[in-house]
Structure formats: C-alpha cells, structure tokens
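Read through the structure below, which is laid out as structure tokens, and then see the notes.
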Amino acid sequence: MRDTRSSRLLLAAALITALALIAISYQNASAPLLRGIRNVAGSALGGAERAISPVTAPVARFLRSGVVAAGNGQVTALQRQLTTLRAQVGAAQLTKAEYRQLDQLLRTSGTGGYRVLAASVIAFGQGFQQTVTLNAGTAQGVRPEQTVLGPAGLAGRVIAATGQTCTVLLASDAGSVVGVRLEPSGQIGWVTGYGRTADHAGLLKLQILDPATVLTPGEQLVTAASMNDRPFVPGIPVGVIAAVLNRAGTLTAQALVRPYADFTALDVVGIVIGSAGHSPSFAVLPPPSKARR
C-alpha cells in the first residue's frame with residue numbers, strides 16, 4: 001500500500017485513540033463507561049483498517065477486521081493492539097507463507113466438506129493458556145465452541161468471541177481435550193496438550209479407551225464426532241503417533257502424538273461454521289508417507 005496522506009491520518013487517529021485507552025485503563029478498567037468507549041473505539045478502528053485494506057479478493061476476505069478488542073483493560077494488551085494495527089496498515093498483500101497456508105486450508109476443508117470462515121491470527125496469548133486471537137467475531141457468525149482448522153489439521157476451538165475478534169484455545173494447551181479416532185481401526189480415545197512445559201514440547205498425549213489396543217508409531221488420528229458438531233466436527237486430521245508410552249494390558253493405552261498443526265506458526269486458519277452433515281471418516285488424512293514426516 002502506498003504511503004498516502006489519508007493512510008497516515010488514519011494511522012495517526014488510531015494511535016491517538018489507543019494511547020487514550022491506555023491512559024484511561026490506568027484509572028478504572030472495569031467502569032461501564034470505559035467498556036463502552038472501548039467497544040466504540042474497536043468498531044471505529046476496525047472500520048478504518050477495512051477502509052485502507054487493498055481491494056483484492058484474498059486480502060478483503062481474510063484481513064477485513066484485525067483490531068483486538070481490549071477486554072481486560074491491561075496496558076500490555078493495548079500495546080499489542082497498536083503493534084498489530086501498525087503492521088496491518090503497512091500490509092498490502094498476503095505473504096507467500098500465508099498464501100501457502102490458505103491454499104492448504106482450502107484443500108483440507110474442501111476434502112472434508114467443511115464450510116469455513118477464513119481468518120488471520122493477529123495475536124498470541126501471553127498467559128498460562130495457549131491461545132490465539134483471530135480477526136473474525138460474532139459479526140461474521142463466529143460463536144464459542146466452534147472448531148478451528150489449521151492449514152494441515154486441527155488448531156483448536158473458539159472459547160470466546162466479540163464483535164470483530166475471537167479467542168481460540170489451541171489443542172496444545174494443557175486444558176484442551178479432543179476426542180479422536182484411530183485410523184484405520186476407528187478406536188476411540190482423546191488427546192490432551194502439554195501446555196508450555198519443556199517436556200514433550202510440541203506434542204500431544206493420546207489415551208485410548210480400550211486397554212487391549214496395541215498402538216503403533218505412524219498411526220494417524222482424526223477428530224471424533226461431538227454432539228451437534230460442537231466443539232469439534234468429525235474427521236479433521238489431528239496428528240500421527242510418534243512414540244508409544246505403554247503397552248496393552250494397562251488401564252489405558254497411551255502414546256505421544258506429533259500434531260499436524262504447527263501451533264507456533266499459525267497465520268491463516270478456518271473457523272468451521274458448517275459441515276456436509278456426515279463424517280468424512282479418514283478421507284482428509286494425508287498419505288502415510290507424508291504423515292511420517
């Protein structure tokens with residue numbers, strides 16, 4: 001995007017508004033008036049960003065809101081919003097990495113028959129939970145407990161949404177529990193994340209209900225069906241077994257799973273807002289040779 005006088009004015013107005021919110025936050029972060037000011041400011045900034053975005057199909061579709069609403073009144077959160085806004089004002093097109101993720105996302109969703117709302121990651125959570133913030137919210141039909149699909153597999157689920165943004169709990173979080181099925185046996189189990197601990201970083205822990213199940217490295221997993229497809233639609237690739245923790249005969253069969261999603265490098269994701277009405281079973285899984293990367 002060219003550095004025009006109008007874009008500089010919009011950015012200056014955004015900076016002034018954000019700095020004003022920071023000052024107000026020091027005084028009374030919980031006041032109803034402040035919450036109202038934040039909501040109005042969030043809507044105004046979101047509209048400004050949309051006005052200066054390039055009028056191309058990919059960018060208009062995937063970068064149309066992108067200002068995080070300040071929900072907790074913390075100065076650090078507002079500062080992150082300011083950084084995000086600066087980056088978006090200067091972005092004229094999707095990066096090559098984002099195009100690759102978008103292409104893979106569309107292929108995955110198309111194979112599974114999922115109707116997705118594409119969104120961009122605009123912030124990574126800084127607290128104990130592993131979360132990301134997306135630039136799509138209730139105004140676009142996003143609701144809590146919707147599945148979020150990464151380019152290669154499951155990213156997580158929506159846990160909160162405002163008008164223009166939503167928060168996603170990643171499957172790697174220690175509090176995340178995802179029902180899964182093993183391919184090709186269909187055995188049912190669940191995976192949990194390890195959170196920010198150094199041990200088994202980047203891996204998930206699999207537990208299978210049937211203690212007689214023999215797990216083998218290289219076996220692939222998909223999401224199991226949830227009631228009314230909330231919080232997870234069925235058939236989304238989750239990961240591949242990397243190592244077996246115990247053998248058959250114990251209370252539950254357990255293994256370490258290498259997820260298909262790279263939770264630290266998410267850019268473009270898809271919020272599943274509809275499905276084909278039937279499970280794609282294991283059709284969305286990558287070929288075994290690619291699964292054992």
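In the structure tokens, chains take letters A, B, ... by order of appearance, with residues numbered from 1 within each chain and ligands from 1 in the order shown.
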Counting only C-alpha atoms, which residues of stretch 90-145 of chain A fall within 10 Å of stretch 232-242 of chain A, and what is the closest atom pair for each with its distance in Å at one decimal, ordered by chain and rising number, as a Markdown table?
```
| residue | atom | partner | partner_atom | distance |
| --- | --- | --- | --- | --- |
| A:Thr108 | CA | A:Ile236 | CA | 8.5 |
| A:Ser109 | CA | A:Ile236 | CA | 8.8 |
| A:Gly112 | CA | A:Gly235 | CA | 7.1 |
| A:Gly113 | CA | A:Gly235 | CA | 9.9 |
| A:Tyr114 | CA | A:Val233 | CA | 8.6 |
| A:Glu145 | CA | A:Phe232 | CA | 7.7 |
```
_Give me, as a list in words, the residues of stretch 98-223 of chain A that a backbone DSSP run labels helix (DSSP H, G or I)._
Glu98, Tyr99, Arg100, Gln101, Leu102, Asp103, Gln104, Leu105, Leu106, Arg107, Thr108, Ser109, Gly110, Thr111, Gly112, Thr138, Ala139 and Gln140 of chain A
*Two-atom distance - atom CA of A:Thr138, atom CA of A:Ser226 (Å)*: 21.9 Å
*Identify which of the residues A:Arg107, A:His278, A:Arg181, A:His200 lies closest to A:Asn228, counting only C-alpha atoms when measuring atom-to-atom distances.*
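Checking each of A:Arg107, A:His278, A:Arg181, A:His200 against A:Asn228, counting only C-alpha atoms, the winner is A:His278.
Among the candidates A:Ala118, A:Ile159, A:Ala243, A:Met227, the residue lying nearest to A:Arg258 is A:Ala243 (atoms considered: only C-alpha atoms).
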*Near-A:Thr162 list (9 Å; only C-alpha atoms; drop same-chain fewer than 6 positions) as a PyMOL selection string*: chain A and resi 69+136-139+142-143
